[in-house]
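final-v9.tsv follows; it contains TSV, C-alpha atoms.
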chain	number	residue	atom	x	y	z
A	1446	ASP	CA	1.99	-11.04	27.17
A	1447	VAL	CA	-0.66	-8.39	26.88
A	1448	LYS	CA	-1.94	-7.93	23.41
A	1449	VAL	CA	-3.78	-5.34	21.35
A	1450	THR	CA	-4.35	-6.52	17.81
A	1451	GLN	CA	-5.39	-4.38	14.86
A	1452	SER	CA	-6.93	-6.25	11.96
A	1453	SER	CA	-4.70	-4.84	9.20
A	1454	ARG	CA	-1.20	-3.36	8.95
A	1455	TYR	CA	-1.84	-1.71	5.58
A	1456	LEU	CA	-5.04	-0.75	3.80
A	1457	VAL	CA	-5.73	1.01	0.52
A	1458	LYS	CA	-9.27	2.28	-0.03
A	1459	ARG	CA	-11.01	4.46	-2.58
A	1460	THR	CA	-12.60	7.82	-1.85
A	1461	GLY	CA	-16.19	7.38	-0.72
A	1462	GLU	CA	-15.78	3.82	0.54
A	1463	LYS	CA	-16.94	2.82	3.99
A	1464	VAL	CA	-13.92	1.60	5.95
A	1465	PHE	CA	-13.81	-0.52	9.10
A	1466	LEU	CA	-10.74	-0.70	11.32
A	1467	GLU	CA	-10.95	-3.39	13.96
A	1468	CYS	CA	-9.12	-3.60	17.26
A	1469	VAL	CA	-9.17	-6.42	19.82
A	1470	GLN	CA	-7.57	-6.49	23.29
A	1471	ASP	CA	-7.12	-9.45	25.60
A	1472	MET	CA	-6.51	-7.59	28.87
A	1473	ASP	CA	-10.13	-7.06	29.97
A	1474	HIS	CA	-9.53	-3.29	29.93
A	1475	GLU	CA	-12.52	-1.01	30.16
A	1476	ASN	CA	-10.91	1.90	28.32
A	1477	MET	CA	-10.13	1.75	24.61
A	1478	PHE	CA	-8.97	4.49	22.25
A	1479	TRP	CA	-8.47	5.31	18.60
A	1480	TYR	CA	-5.76	7.80	17.61
A	1481	ARG	CA	-4.44	8.97	14.31
A	1482	GLN	CA	-0.81	9.88	13.90
A	1483	ASP	CA	0.45	12.37	11.33
A	1484	PRO	CA	3.91	13.89	10.89
A	1485	GLY	CA	4.34	17.02	12.97
A	1486	LEU	CA	0.99	16.57	14.72
A	1487	GLY	CA	1.73	13.72	17.11
A	1488	LEU	CA	-1.13	11.50	18.25
A	1489	ARG	CA	-4.60	12.95	18.07
A	1490	LEU	CA	-7.51	11.27	19.82
A	1491	ILE	CA	-10.46	10.44	17.58
A	1492	TYR	CA	-12.78	8.57	19.95
A	1493	PHE	CA	-12.55	6.66	23.17
A	1494	SER	CA	-14.76	4.21	25.00
A	1495	TYR	CA	-14.90	3.54	28.73
A	1496	ASP	CA	-17.38	0.67	28.64
A	1497	VAL	CA	-19.37	-1.51	26.29
A	1498	LYS	CA	-21.71	0.58	24.14
A	1499	MET	CA	-20.27	3.78	25.64
A	1500	LYS	CA	-18.25	6.25	23.60
A	1501	GLU	CA	-16.90	9.75	23.86
A	1502	LYS	CA	-15.64	12.09	21.18
A	1503	GLY	CA	-11.99	12.92	21.23
A	1504	ASP	CA	-10.30	15.90	19.64
A	1505	ILE	CA	-10.98	15.11	15.98
A	1506	PRO	CA	-14.14	12.96	15.65
A	1507	GLU	CA	-15.44	14.49	12.40
A	1508	GLY	CA	-15.78	11.93	9.64
A	1509	TYR	CA	-15.47	8.99	12.02
A	1510	SER	CA	-17.73	6.83	14.15
A	1511	VAL	CA	-17.04	3.92	16.50
A	1512	SER	CA	-18.66	0.78	17.78
A	1513	ARG	CA	-18.09	-1.14	21.00
A	1514	GLU	CA	-20.48	-4.08	21.18
A	1515	LYS	CA	-18.14	-6.26	23.22
A	1516	LYS	CA	-15.59	-5.29	25.85
A	1517	GLU	CA	-12.64	-6.66	23.93
A	1518	ARG	CA	-13.44	-5.09	20.55
A	1519	PHE	CA	-13.43	-1.45	19.49
A	1520	SER	CA	-14.09	-0.60	15.84
A	1521	LEU	CA	-13.37	2.65	14.01
A	1522	ILE	CA	-15.59	3.43	11.03
A	1523	LEU	CA	-14.91	5.89	8.26
A	1524	GLU	CA	-18.38	6.46	6.85
A	1525	SER	CA	-17.15	7.86	3.52
A	1526	ALA	CA	-13.38	7.80	3.23
A	1527	SER	CA	-11.63	10.92	2.00
A	1528	THR	CA	-8.02	11.54	1.00
A	1529	ASN	CA	-7.42	13.67	4.12
A	1530	GLN	CA	-8.04	10.56	6.20
A	1531	THR	CA	-4.88	8.97	4.85
A	1532	SER	CA	-2.92	8.37	8.03
A	1533	MET	CA	-1.55	5.91	10.56
A	1534	TYR	CA	-4.30	4.74	12.93
A	1535	LEU	CA	-3.41	3.45	16.37
A	1536	CYS	CA	-5.68	1.59	18.75
A	1537	ALA	CA	-4.95	1.37	22.48
A	1538	SER	CA	-6.50	0.00	25.62
A	1539	SER	CA	-5.62	1.19	29.12
A	1540	SER	CA	-6.07	0.64	32.82
A	1541	PRO	CA	-4.48	3.19	33.20
A	1542	THR	CA	-1.24	2.21	31.40
A	1543	ALA	CA	-1.99	2.29	27.67
A	1544	PHE	CA	-1.03	-0.63	25.43
A	1545	PHE	CA	-1.01	-0.15	21.69
A	1546	GLY	CA	-1.64	-2.21	18.63
A	1547	GLN	CA	0.87	-2.25	15.80
A	1548	GLY	CA	-0.97	0.40	13.82
A	1549	THR	CA	-2.86	0.45	10.53
A	1550	ARG	CA	-1.48	2.60	7.74
A	1551	LEU	CA	-4.51	3.63	5.70
A	1552	THR	CA	-4.17	5.18	2.26
A	1553	VAL	CA	-7.26	6.67	0.63
A	1554	VAL	CA	-6.91	7.19	-3.12
F	1319	GLY	CA	-7.72	20.37	29.97
F	1320	ASP	CA	-4.71	18.12	30.33
F	1321	SER	CA	-1.70	18.73	28.13
F	1322	VAL	CA	1.85	17.49	27.60
F	1323	THR	CA	4.66	19.57	26.14
F	1324	GLN	CA	7.87	18.13	24.74
F	1325	MET	CA	10.44	19.22	22.19
F	1326	GLU	CA	9.70	17.94	18.69
F	1327	GLY	CA	13.24	17.47	17.53
F	1328	PRO	CA	14.78	15.85	15.69
F	1329	VAL	CA	17.53	15.30	18.21
F	1330	THR	CA	20.76	13.97	16.72
F	1331	LEU	CA	23.40	12.50	19.01
F	1332	SER	CA	26.57	10.53	18.60
F	1333	GLU	CA	26.71	7.04	20.03
F	1334	GLU	CA	27.50	7.00	23.80
F	1335	ALA	CA	26.33	10.60	24.26
F	1336	PHE	CA	24.05	11.65	27.13
F	1337	LEU	CA	20.36	12.04	26.27
F	1338	THR	CA	17.79	14.34	27.82
F	1339	ILE	CA	14.32	14.84	26.38
F	1340	ASN	CA	12.28	17.36	28.32
F	1341	CYS	CA	8.63	16.83	29.15
F	1342	THR	CA	6.33	19.08	31.13
F	1343	TYR	CA	2.65	18.60	31.77
F	1344	THR	CA	-0.51	20.38	32.85
F	1345	ALA	CA	-3.09	18.36	34.74
F	1346	THR	CA	-5.19	18.48	37.86
F	1347	GLY	CA	-4.50	16.16	40.74
F	1348	TYR	CA	-1.87	13.45	40.48
F	1349	PRO	CA	-1.75	11.91	37.03
F	1350	SER	CA	0.29	8.87	36.07
F	1351	LEU	CA	3.16	9.73	33.71
F	1352	PHE	CA	4.60	7.62	30.92
F	1353	TRP	CA	7.25	7.50	28.26
F	1354	TYR	CA	6.50	5.51	25.12
F	1355	VAL	CA	8.85	4.63	22.28
F	1356	GLN	CA	7.95	4.06	18.63
F	1357	TYR	CA	10.34	2.35	16.27
F	1358	PRO	CA	9.89	2.88	12.51
F	1359	GLY	CA	6.72	1.29	11.17
F	1360	GLU	CA	5.59	0.07	14.58
F	1361	GLY	CA	3.02	0.99	17.21
F	1362	LEU	CA	3.95	2.59	20.53
F	1363	GLN	CA	5.59	0.54	23.28
F	1364	LEU	CA	5.63	1.48	26.94
F	1365	LEU	CA	9.17	2.41	27.95
F	1366	LEU	CA	8.66	3.42	31.59
F	1367	LYS	CA	6.13	4.95	33.93
F	1368	ALA	CA	5.70	6.66	37.30
F	1369	THR	CA	2.46	6.87	39.22
F	1370	LYS	CA	3.22	9.30	42.06
F	1371	ALA	CA	5.43	12.24	42.91
F	1372	ASP	CA	9.18	11.51	43.29
F	1373	ASP	CA	8.78	8.05	41.70
F	1374	LYS	CA	11.52	7.14	39.27
F	1375	GLY	CA	10.66	4.97	36.31
F	1376	SER	CA	13.46	3.08	34.60
F	1377	ASN	CA	13.92	0.58	31.80
F	1378	LYS	CA	16.67	-0.34	29.32
F	1379	GLY	CA	18.98	2.32	30.77
F	1380	PHE	CA	16.38	5.07	30.45
F	1381	GLU	CA	15.15	6.94	33.53
F	1382	ALA	CA	12.60	9.62	34.33
F	1383	THR	CA	11.59	11.12	37.69
F	1384	TYR	CA	8.10	12.43	38.45
F	1385	ARG	CA	8.60	16.01	39.67
F	1386	LYS	CA	5.36	17.43	40.99
F	1387	GLU	CA	6.89	20.78	41.94
F	1388	THR	CA	8.07	21.48	38.38
F	1389	THR	CA	5.35	19.36	36.64
F	1390	SER	CA	8.05	17.59	34.70
F	1391	PHE	CA	9.02	14.07	33.67
F	1392	HIS	CA	12.26	14.40	31.72
F	1393	LEU	CA	13.69	11.32	30.01
F	1394	GLU	CA	17.42	10.60	30.40
F	1395	LYS	CA	19.91	8.01	29.31
F	1396	GLY	CA	23.59	8.06	30.12
F	1397	SER	CA	24.91	6.49	26.92
F	1398	VAL	CA	22.74	6.15	23.83
F	1399	GLN	CA	23.14	3.49	21.16
F	1400	VAL	CA	22.25	3.47	17.49
F	1401	SER	CA	19.42	1.05	18.35
F	1402	ASP	CA	17.80	3.79	20.50
F	1403	SER	CA	16.92	5.74	17.34
F	1404	ALA	CA	13.14	6.12	17.50
F	1405	VAL	CA	10.38	8.56	18.35
F	1406	TYR	CA	9.75	9.11	22.08
F	1407	PHE	CA	6.37	10.21	23.44
F	1408	CYS	CA	5.66	11.61	26.87
F	1409	ALA	CA	2.11	10.96	28.11
F	1410	LEU	CA	-0.16	11.30	31.09
F	1411	SER	CA	-3.27	9.60	32.38
F	1412	PRO	CA	-5.44	11.36	34.94
F	1413	SER	CA	-5.93	9.88	38.37
F	1414	GLY	CA	-9.70	9.65	38.00
F	1415	GLY	CA	-12.49	9.87	35.48
F	1416	TYR	CA	-12.16	8.21	32.11
F	1417	GLN	CA	-8.35	7.94	32.28
F	1418	LYS	CA	-8.01	9.42	28.83
F	1419	VAL	CA	-4.35	9.29	27.87
F	1420	THR	CA	-2.88	12.56	26.58
F	1421	PHE	CA	0.33	12.49	24.53
F	1422	GLY	CA	3.02	14.96	23.70
F	1423	ILE	CA	3.92	15.58	20.07
F	1424	GLY	CA	6.81	13.09	20.10
F	1425	THR	CA	10.56	13.66	19.87
F	1426	LYS	CA	12.51	11.98	17.12
F	1427	LEU	CA	15.92	10.76	18.23
F	1428	GLN	CA	18.62	9.84	15.75
F	1429	VAL	CA	21.83	8.29	17.05
F	1430	ILE	CA	24.76	8.19	14.65
F	1431	PRO	CA	27.75	5.86	15.00
Turn this file's structure into structure tokens for me.
Amino acid sequence: DVKVTQSSRYLVKRTGEKVFLECVQDMDHENMFWYRQDPGLGLRLIYFSYDVKMKEKGDIPEGYSVSREKKERFSLILESASTNQTSMYLCASSSPTAFFGQGTRLTVV
Amino acid sequence: GDSVTQMEGPVTLSEEAFLTINCTYTATGYPSLFWYVQYPGEGLQLLLKATKADDKGSNKGFEATYRKETTSFHLEKGSVQVSDSAVYFCALSPSGGYQKVTFGIGTKLQVIP
């Protein structure tokens, strides 16, 4: 079975903390994505990567950065967490069918 | 740029009713089209897909046909069950370039006994 694994299902962080969300895929896909999902807004693309060390901004990159040092791993970084970043975060890899991780529900207090 | 339009819902149906969720898209060329399903508290799962015009994707009693002429990919099921209650997302992936996947807003389906 194909697998995309996100490091945490639930996270609670304080305002101003640096937060790392990790995602690993075992399908040797070149493309990986980070989305956030909010009620009434659907899935919004934060960043995507089409190769190791390559990244492209999505629709809402402000307040986020990413790292792709190895093909199988794509990390989302919140440099200084804020309450408006409380959301469900979904990682995916694709070629071109997208496969998703189980999601990380992040709460910033 | 690419876009996907679908009704937000919620859609409430009785068990064994017929389901249609409309999806239309805007894209250049011949994108691949997908339907994903999200059950409460879970990530998205691929439900079905179609990669070229007139293809029909099907899975678990759900079907959708890739209509190039109307740029549509409507999801249908003849008889829904309570277990089909979920959020359904229509999506596309372009035929070239970075294959960035674009999603619709999601349609919440509630099936009542």
With 12 Å as the limit and counting only C-alpha atoms, what residues in chain A lie close to chain F? Please list them as a PyMOL selection string.
chain A and resi 1447-1451+1454-1455+1474-1496+1499-1504+1533-1550
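Residues in contact range of A:Glu1524, defined as at most 10 Å between only C-alpha atoms, with sequence neighbours fewer than 3 positions away removed, read Gly1461, Glu1462, Lys1463, Val1464, Phe1465, Gly1508, Tyr1509, Ser1510, Leu1521 and Ser1527 of chain A.
All residues of protein, DNA or RNA that reach within 10 Å of A:Lys1498, judged by all atoms listed in the file and not counting those fewer than 3 positions away in the chain, are Ser1494, Tyr1495, Val1511, Ser1512, Arg1513, Glu1514, Lys1515, Lys1516 and Phe1519 of chain A.
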Those selected residues, please, written with C-alpha atoms and delivered as a JSON list (two decimals), in the coordinates of the input.
[["chain", "number", "residue", "atom", "x", "y", "z"],
["A", 1494, "SER", "CA", -14.76, 4.21, 25.00],
["A", 1495, "TYR", "CA", -14.90, 3.54, 28.73],
["A", 1511, "VAL", "CA", -17.04, 3.92, 16.50],
["A", 1512, "SER", "CA", -18.66, 0.78, 17.78],
["A", 1513, "ARG", "CA", -18.09, -1.14, 21.00],
["A", 1514, "GLU", "CA", -20.48, -4.08, 21.18],
["A", 1515, "LYS", "CA", -18.14, -6.26, 23.22],
["A", 1516, "LYS", "CA", -15.59, -5.29, 25.85],
["A", 1519, "PHE", "CA", -13.43, -1.45, 19.49]]
Of the listed residues A:Thr1460, A:Gln1470, A:Ser1452, A:Ser1525, that which approaches A:Val1553 most closely, counting only C-alpha atoms
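Of A:Thr1460, A:Gln1470, A:Ser1452, A:Ser1525, the one nearest A:Val1553, counting only C-alpha atoms, is A:Thr1460.
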Across F:Ser1332, F:Thr1389, F:Ser1397, F:Asn1377, the smallest distance to F:Pro1431, with all atoms listed in the file counted, is shown by F:Ser1332
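Between atom CA of F:Gly1396 and atom CA of F:Phe1336 the separation is 4.7 Å.
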What separation in Å, quoted to one decimal, exists between atom CA of F:Arg1385 and atom CA of F:Lys1370?
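Computing the Euclidean distance for atom CA of F:Arg1385 and atom CA of F:Lys1370 yields 8.9 Å.
The interatomic distance for the pair atom CA of F:Lys1426 and atom CA of F:Val1405 works out to 4.2 Å.
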Give me the residues near F:Phe1391 as a PyMOL selection string, where near means some atom within 9 Å (using only C-alpha atoms) and where sequence neighbours in that chain fewer than 6 positions away do not count.
chain F and resi 1340-1343+1351-1353+1368+1382-1385+1408
